[in-house]
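A.B. asks: Contents are compact mmCIF, C-alpha atoms and all ligand atoms; file name my_file_6.txt:
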# COMPACT_ATOMS: atom_id res chain seq x y z
CA MET A 1 -10.06 -3.06 101.01
CA VAL A 2 -6.70 -1.43 100.32
CA LYS A 3 -3.78 -3.81 100.86
CA ILE A 4 -1.19 -2.24 103.13
CA GLY A 5 2.10 -3.79 104.25
CA ALA A 6 5.82 -3.30 104.61
CA HIS A 7 9.27 -4.51 103.67
CA VAL A 8 10.27 -7.19 106.18
CA SER A 9 13.49 -9.04 107.01
CA SER A 10 14.09 -12.45 105.40
CA SER A 11 17.04 -13.37 107.61
CA LYS A 12 17.49 -16.94 108.90
CA SER A 13 14.75 -18.63 106.82
CA LEU A 14 12.62 -17.26 104.00
CA ASP A 15 9.31 -18.43 105.50
CA LEU A 16 9.84 -16.09 108.46
CA VAL A 17 8.83 -13.15 106.23
CA PHE A 18 5.21 -14.20 106.76
CA ASP A 19 5.57 -14.33 110.57
CA ARG A 20 7.17 -10.90 110.48
CA GLY A 21 4.36 -9.64 108.26
CA LYS A 22 1.70 -11.06 110.61
CA GLU A 23 3.38 -9.41 113.60
CA ILE A 24 2.74 -5.97 112.14
CA GLY A 25 -0.68 -6.84 110.70
CA ALA A 26 0.47 -6.56 107.07
CA ASP A 27 -1.84 -7.64 104.23
CA THR A 28 1.09 -7.69 101.79
CA ILE A 29 4.89 -7.84 102.19
CA GLN A 30 8.17 -7.26 100.40
CA PHE A 31 11.60 -8.74 101.22
CA PHE A 32 15.10 -9.44 99.82
CA LEU A 33 16.12 -12.93 98.65
CA SER A 34 19.62 -12.39 100.00
CA SER A 35 21.59 -9.66 101.71
CA PRO A 36 21.06 -6.66 99.37
CA ARG A 37 24.62 -5.43 99.86
CA SER A 38 26.47 -8.71 99.32
CA TRP A 39 27.17 -10.66 96.12
CA ALA A 40 26.93 -14.00 97.90
CA TRP A 41 24.14 -16.21 96.49
CA LYS A 42 22.74 -18.94 98.66
CA ASP A 43 20.90 -21.86 97.10
CA ARG A 44 17.78 -22.68 99.09
CA THR A 45 16.80 -26.20 100.08
CA GLU A 46 13.58 -27.83 98.84
CA GLU A 47 12.46 -27.89 102.45
CA GLU A 48 12.80 -24.14 102.84
CA LYS A 49 10.85 -23.52 99.61
CA VAL A 50 8.01 -25.81 100.69
CA LEU A 51 7.89 -24.19 104.12
CA PHE A 52 7.69 -20.77 102.45
CA LYS A 53 4.66 -21.73 100.36
CA GLU A 54 2.90 -23.41 103.28
CA LYS A 55 3.41 -20.39 105.52
CA ARG A 56 2.08 -18.12 102.81
CA LYS A 57 -1.10 -20.14 102.51
CA LYS A 58 -1.56 -20.22 106.26
CA THR A 59 -1.18 -16.46 106.75
CA GLY A 60 -3.04 -15.42 103.60
CA ILE A 61 -0.55 -12.61 103.00
CA THR A 62 -0.72 -11.60 99.34
CA PRO A 63 0.54 -10.26 97.00
CA VAL A 64 4.16 -11.08 97.82
CA VAL A 65 6.89 -8.81 96.46
CA VAL A 66 10.66 -9.35 96.20
CA HIS A 67 13.07 -6.40 95.98
CA SER A 68 16.26 -7.06 94.02
CA SER A 69 19.77 -6.63 95.41
CA TYR A 70 21.06 -3.05 95.57
CA LEU A 71 24.38 -4.10 94.03
CA PHE A 72 23.00 -4.88 90.58
CA ASN A 73 23.66 -2.36 87.82
CA LEU A 74 22.27 -3.52 84.49
CA ALA A 75 23.48 -0.24 82.92
CA SER A 76 27.13 -0.50 83.92
CA ALA A 77 29.89 0.20 81.40
CA ASP A 78 32.04 -2.19 83.45
CA LYS A 79 31.54 -5.52 81.69
CA VAL A 80 32.38 -7.64 84.71
CA LEU A 81 29.94 -5.79 86.95
CA ARG A 82 27.24 -5.92 84.29
CA GLU A 83 27.64 -9.65 83.78
CA LYS A 84 27.59 -10.27 87.52
CA SER A 85 24.41 -8.19 87.75
CA ILE A 86 22.76 -10.13 84.93
CA ARG A 87 23.66 -13.44 86.60
CA GLY A 88 22.32 -12.11 89.91
CA VAL A 89 19.00 -11.06 88.39
CA ILE A 90 18.63 -14.45 86.68
CA ASN A 91 19.26 -16.27 89.98
CA GLU A 92 16.73 -14.10 91.80
CA LEU A 93 14.09 -14.39 89.09
CA ASN A 94 14.38 -18.17 88.92
CA LEU A 95 13.88 -18.38 92.67
CA CYS A 96 10.93 -15.97 92.43
CA GLU A 97 9.27 -18.28 89.93
CA GLU A 98 9.89 -21.30 92.16
CA LEU A 99 8.46 -19.50 95.19
CA GLU A 100 5.49 -18.15 93.19
CA ILE A 101 6.38 -14.55 93.95
CA ASP A 102 3.93 -12.07 92.41
CA TYR A 103 6.24 -9.09 91.76
CA TYR A 104 10.00 -8.61 91.42
CA VAL A 105 11.05 -4.95 91.82
CA ILE A 106 14.40 -3.66 90.58
CA HIS A 107 16.41 -0.43 90.44
CA ALA A 108 17.30 -0.84 86.78
CA GLY A 109 20.71 0.82 86.81
CA LYS A 110 22.99 3.81 87.21
CA ALA A 111 24.64 5.70 84.34
CA LYS A 112 27.98 6.25 86.20
CA GLY A 113 30.09 7.89 83.51
CA LEU A 114 27.84 6.96 80.59
CA ASP A 115 25.29 9.35 79.18
CA ASP A 116 21.71 8.43 80.06
CA LYS A 117 20.94 7.14 76.54
CA GLU A 118 23.86 4.70 76.59
CA ALA A 119 22.84 3.57 80.07
CA VAL A 120 19.27 2.91 78.89
CA LYS A 121 20.62 0.92 75.93
CA ASN A 122 22.80 -1.20 78.25
CA ILE A 123 19.80 -1.98 80.47
CA ILE A 124 17.73 -3.02 77.45
CA ASP A 125 20.55 -5.29 76.19
CA SER A 126 20.88 -6.82 79.66
CA MET A 127 17.13 -7.36 79.84
CA ARG A 128 17.08 -9.04 76.41
CA TYR A 129 19.58 -11.58 77.68
CA ILE A 130 17.81 -12.07 81.04
CA LEU A 131 14.44 -12.64 79.38
CA SER A 132 15.99 -15.14 76.97
CA GLU A 133 17.25 -17.13 79.98
CA VAL A 134 14.27 -16.91 82.34
CA GLN A 135 10.73 -17.87 81.45
CA LEU A 136 8.56 -15.43 83.40
CA GLY A 137 5.31 -17.16 84.28
CA ARG A 138 3.94 -16.20 87.66
CA THR A 139 6.32 -13.36 88.50
CA VAL A 140 5.88 -9.89 86.98
CA PHE A 141 9.13 -7.92 86.60
CA LEU A 142 8.80 -4.28 87.72
CA TYR A 143 11.11 -1.33 87.11
CA GLU A 144 10.98 1.05 90.06
CA THR A 145 10.65 4.82 89.55
CA LEU A 146 13.85 6.35 90.98
CA SER A 147 14.92 9.73 92.32
CA GLY A 148 17.83 10.22 89.92
CA GLN A 149 20.44 10.04 92.68
CA LYS A 150 23.95 9.17 91.38
CA GLY A 151 22.88 8.77 87.76
CA GLU A 152 19.93 6.45 88.39
CA ILE A 153 17.91 5.48 85.32
CA GLY A 154 14.14 5.47 85.82
CA LYS A 155 13.78 9.01 87.16
CA THR A 156 11.38 10.08 84.39
CA THR A 157 8.33 8.44 82.84
CA ASP A 158 10.12 8.61 79.48
CA GLU A 159 13.05 6.57 80.81
CA ILE A 160 10.71 3.93 82.25
CA LEU A 161 8.87 3.87 78.93
CA ALA A 162 12.15 3.37 77.04
CA LEU A 163 12.94 0.37 79.26
CA LEU A 164 9.50 -1.18 78.79
CA GLU A 165 8.97 -0.54 75.09
CA PRO A 166 11.20 -3.29 73.68
CA PHE A 167 9.30 -5.95 75.63
CA PRO A 168 5.60 -5.38 74.97
CA GLU A 169 4.58 -9.04 75.17
CA LYS A 170 6.52 -9.81 78.31
CA ASN A 171 5.51 -9.82 81.95
CA LEU A 172 6.90 -6.35 82.69
CA GLY A 173 5.56 -3.33 84.55
CA VAL A 174 6.29 -0.49 86.98
CA CYS A 175 6.53 0.02 90.73
CA LEU A 176 5.92 3.63 91.81
CA ASP A 177 7.87 4.95 94.80
CA THR A 178 6.27 8.10 96.25
CA CYS A 179 9.55 9.37 97.78
CA HIS A 180 11.47 8.85 94.55
CA LEU A 181 8.77 10.48 92.41
CA TYR A 182 8.71 13.57 94.62
CA SER A 183 12.51 13.78 94.71
CA ALA A 184 12.61 13.40 90.92
CA GLY A 185 10.37 16.46 90.46
CA TYR A 186 6.83 15.04 90.29
CA LYS A 187 4.69 17.11 92.65
CA ILE A 188 2.39 14.28 93.67
CA ASN A 189 1.30 15.86 96.97
CA ASP A 190 -1.21 18.34 95.58
CA GLU A 191 -4.19 17.53 93.39
CA GLU A 192 -2.89 19.29 90.33
CA GLY A 193 0.50 17.57 90.41
CA PHE A 194 -0.93 14.19 91.36
CA PHE A 195 -3.46 14.11 88.51
CA ARG A 196 -0.91 15.50 86.04
CA TYR A 197 1.41 12.62 86.94
CA LYS A 198 -1.38 10.05 86.79
CA GLU A 199 -2.37 11.32 83.34
CA GLU A 200 1.26 11.19 82.16
CA ILE A 201 1.76 7.59 83.24
CA LYS A 202 -1.65 6.63 81.82
CA GLU A 203 -0.88 8.20 78.42
CA LYS A 204 2.72 7.02 78.07
CA ILE A 205 2.79 3.64 79.79
CA GLY A 206 -0.78 2.67 80.69
CA LEU A 207 -2.12 2.51 84.25
CA GLU A 208 -2.50 -1.27 84.04
CA LYS A 209 1.33 -1.56 83.91
CA VAL A 210 1.58 -0.03 87.40
CA LYS A 211 1.43 -2.91 89.89
CA VAL A 212 2.96 -1.87 93.23
CA ILE A 213 3.27 1.36 95.27
CA HIS A 214 6.27 1.91 97.53
CA CYS A 215 4.84 4.20 100.12
CA ASN A 216 7.49 6.44 101.66
CA ASP A 217 7.64 10.07 102.76
CA SER A 218 10.83 11.99 101.92
CA LYS A 219 13.49 13.44 104.22
CA THR A 220 14.69 15.76 101.46
CA PRO A 221 12.88 18.64 99.69
CA PHE A 222 10.92 18.52 96.43
CA ASN A 223 13.09 17.83 93.34
CA SER A 224 16.16 17.12 95.51
CA ARG A 225 17.24 14.09 93.43
CA ARG A 226 17.98 12.37 96.72
CA ASP A 227 16.65 9.06 98.02
CA ARG A 228 16.03 9.35 101.77
CA HIS A 229 12.87 7.73 103.08
CA GLU A 230 10.91 9.23 105.99
CA HIS A 231 7.93 8.09 108.10
CA ILE A 232 4.49 8.77 106.63
CA GLY A 233 3.42 12.37 107.21
CA GLU A 234 6.76 13.43 108.74
CA GLY A 235 8.58 14.38 105.56
CA SER A 236 8.33 16.88 102.71
CA ILE A 237 5.49 14.99 100.96
CA GLY A 238 3.10 15.11 103.92
CA LEU A 239 -0.17 13.23 104.47
CA LYS A 240 -1.95 14.84 101.51
CA GLY A 241 0.19 12.95 98.97
CA PHE A 242 -0.66 9.59 100.53
CA GLU A 243 -4.32 10.51 100.83
CA LEU A 244 -4.41 11.12 97.07
CA PHE A 245 -2.81 7.74 96.24
CA ILE A 246 -4.76 5.63 98.71
CA ASN A 247 -8.16 7.01 97.69
CA ASP A 248 -7.47 6.95 93.96
CA GLU A 249 -9.78 4.74 91.94
CA TYR A 250 -6.90 2.81 90.32
CA PHE A 251 -3.98 3.07 92.76
CA SER A 252 -6.15 1.94 95.70
CA THR A 253 -6.40 -1.49 94.03
CA LEU A 254 -2.59 -1.98 94.30
CA PRO A 255 -0.45 -3.17 97.23
CA PHE A 256 0.98 -0.27 99.31
CA ILE A 257 4.38 -1.26 100.73
CA LEU A 258 6.23 0.78 103.36
CA GLU A 259 10.02 1.10 103.16
CA THR A 260 10.26 3.61 105.98
CA PRO A 261 13.01 3.53 108.63
CA LYS A 262 12.84 0.50 110.96
CA GLU A 263 12.52 2.23 114.32
CA GLY A 264 10.60 0.64 117.19
CA ASP A 265 7.01 -0.07 116.19
CA MET A 266 7.01 2.57 113.44
CA ASP A 267 5.83 0.05 110.81
CA LEU A 268 2.62 -0.39 112.80
CA ILE A 269 2.23 3.35 113.26
CA ASN A 270 2.91 4.13 109.59
CA MET A 271 0.38 1.49 108.51
CA GLU A 272 -2.15 3.02 110.90
CA ARG A 273 -1.49 6.48 109.45
CA LEU A 274 -2.17 5.17 105.95
CA LYS A 275 -5.38 3.41 107.02
CA ASN A 276 -6.62 6.62 108.66
CA LEU A 277 -6.35 8.41 105.32
CA ILE A 278 -8.84 6.10 103.62
CA LYS A 279 -12.10 7.95 103.16
CA ALA A 280 -15.39 6.19 103.65
CA PRO A 281 -17.40 5.95 100.43
CA VAL A 282 -19.87 8.84 100.15
CA ALA A 283 -23.42 7.67 100.92
CA GLN A 284 -25.75 7.99 97.95
ZN ZN A 301 13.58 0.21 95.71
Could I get this structure in the form of structure tokens?
Ligand SMILES: [Zn+2]
C.D. replies:
Amino acid sequence: MVKIGAHVSSSKSLDLVFDRGKEIGADTIQFFLSSPRSWAWKDRTEEEKVLFKEKRKKTGITPVVVHSSYLFNLASADKVLREKSIRGVINELNLCEELEIDYYVIHAGKAKGLDDKEAVKNIIDSMRYILSEVQLGRTVFLYETLSGQKGEIGKTTDEILALLEPFPEKNLGVCLDTCHLYSAGYKINDEEGFFRYKEEIKEKIGLEKVKVIHCNDSKTPFNSRRDRHEHIGEGSIGLKGFELFINDEYFSTLPFILETPKEGDMDLINMERLKNLIKAPVAQ
């Protein structure tokens, strides 16, 4: 069975993510540990952490994914911002370990005035420090594939590879985002483009490093370098792209997480659209 779910709100108390997941019939969920556009860090009580784990057990929702704050920029040339980002990632990762989160997904950084090579080097230096401070046990750290908007690093397989290469023994991997891939120039919505991309990631990084799929259609055209998510089947990717991912021998074993606009009961409808694309196994 393919695991399908969505990003849900974690406001008020962290355990509510499971109630919100249940409400939409999600098998798997993603959420933020704090407001993704604020630097404020809130320490959680023991009680809240226990409640979180109990609720998880009760609902059976798994795997559980955390998305990092949008403010972090591990590539930044601004030392203060970079140090704040490093501290933020360490706080989030420590809490992930305590909560037994399966995957932590991050937008690694933006070049902003640096050339891409310098930005990649800054991210690697930041990661060296982070991984010297946090012992990753349960949680796997995932770089997300990005569209390349505003100097984002992670828009090509080579950039993701460069970020992974220095840490071969560590708990690191990749989260694919269908909208970002398409906007970055990977034509994943026809068979030729989809299998070319799959082969590229297999050769350069290894399929086993890919752990999560962010499942979003795109409001903007192919290769737009823009990051605007759209409901499944209503954007420039179209249903065919999702059909290829969700029926793929490897990708179908991963959690599919929606980050589509929160409008009415669209999470339910988008999940239904994905389920309808799953083909029954061919009778022998
Ligand atoms: Zn993301």
A.B. asks: Between A:Gly264, A:Gly238, A:Gly233, A:Gly109, single out the one closest to ligand ZN 301 (chain A), counting only C-alpha atoms and all ligand atoms.
C.D. replies: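 The answer is A:Gly109, which sits nearest to ligand ZN 301 (chain A).
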A.B. asks: For ligand ZN 301 (chain A), collect every residue having any atom at a distance of at most 9 Å from a ligand atom (counting only C-alpha atoms and all ligand atoms); output as a tab-separated table (two decimals) with C-alpha atoms, in the coordinates of the input.
C.D. replies:
chain	number	residue	atom	x	y	z
A	67	HIS	CA	13.07	-6.40	95.98
A	68	SER	CA	16.26	-7.06	94.02
A	70	TYR	CA	21.06	-3.05	95.57
A	105	VAL	CA	11.05	-4.95	91.82
A	106	ILE	CA	14.40	-3.66	90.58
A	107	HIS	CA	16.41	-0.43	90.44
A	144	GLU	CA	10.98	1.05	90.06
A	145	THR	CA	10.65	4.82	89.55
A	146	LEU	CA	13.85	6.35	90.98
A	175	CYS	CA	6.53	0.02	90.73
A	177	ASP	CA	7.87	4.95	94.80
A	180	HIS	CA	11.47	8.85	94.55
A	214	HIS	CA	6.27	1.91	97.53
A	259	GLU	CA	10.02	1.10	103.16
A.B. asks: I'd like the contact shell of segment 271-274 of chain A - 10 Å cut-off, all atoms listed in the file, skipping same-chain residues fewer than 3 positions apart - returned as a PyMOL selection string.
C.D. replies: chain A and resi 2+4-6+24-26+215+231-233+239+242-243+246+256-258+266-268+277-278
A.B. asks: Which is closest to Leu244 of chain A among A:Lys187, A:Glu208, A:Phe52, A:Lys262, if we use only C-alpha atoms?
C.D. replies: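 Smallest distance to Leu244 of chain A is found for A:Lys187.
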A.B. asks: With distances taken over all atoms listed in the file, which residue among A:Ile123, A:Gly235, A:Val64, A:Val140 lies nearest Thr178 of chain A?
C.D. replies: A:Gly235
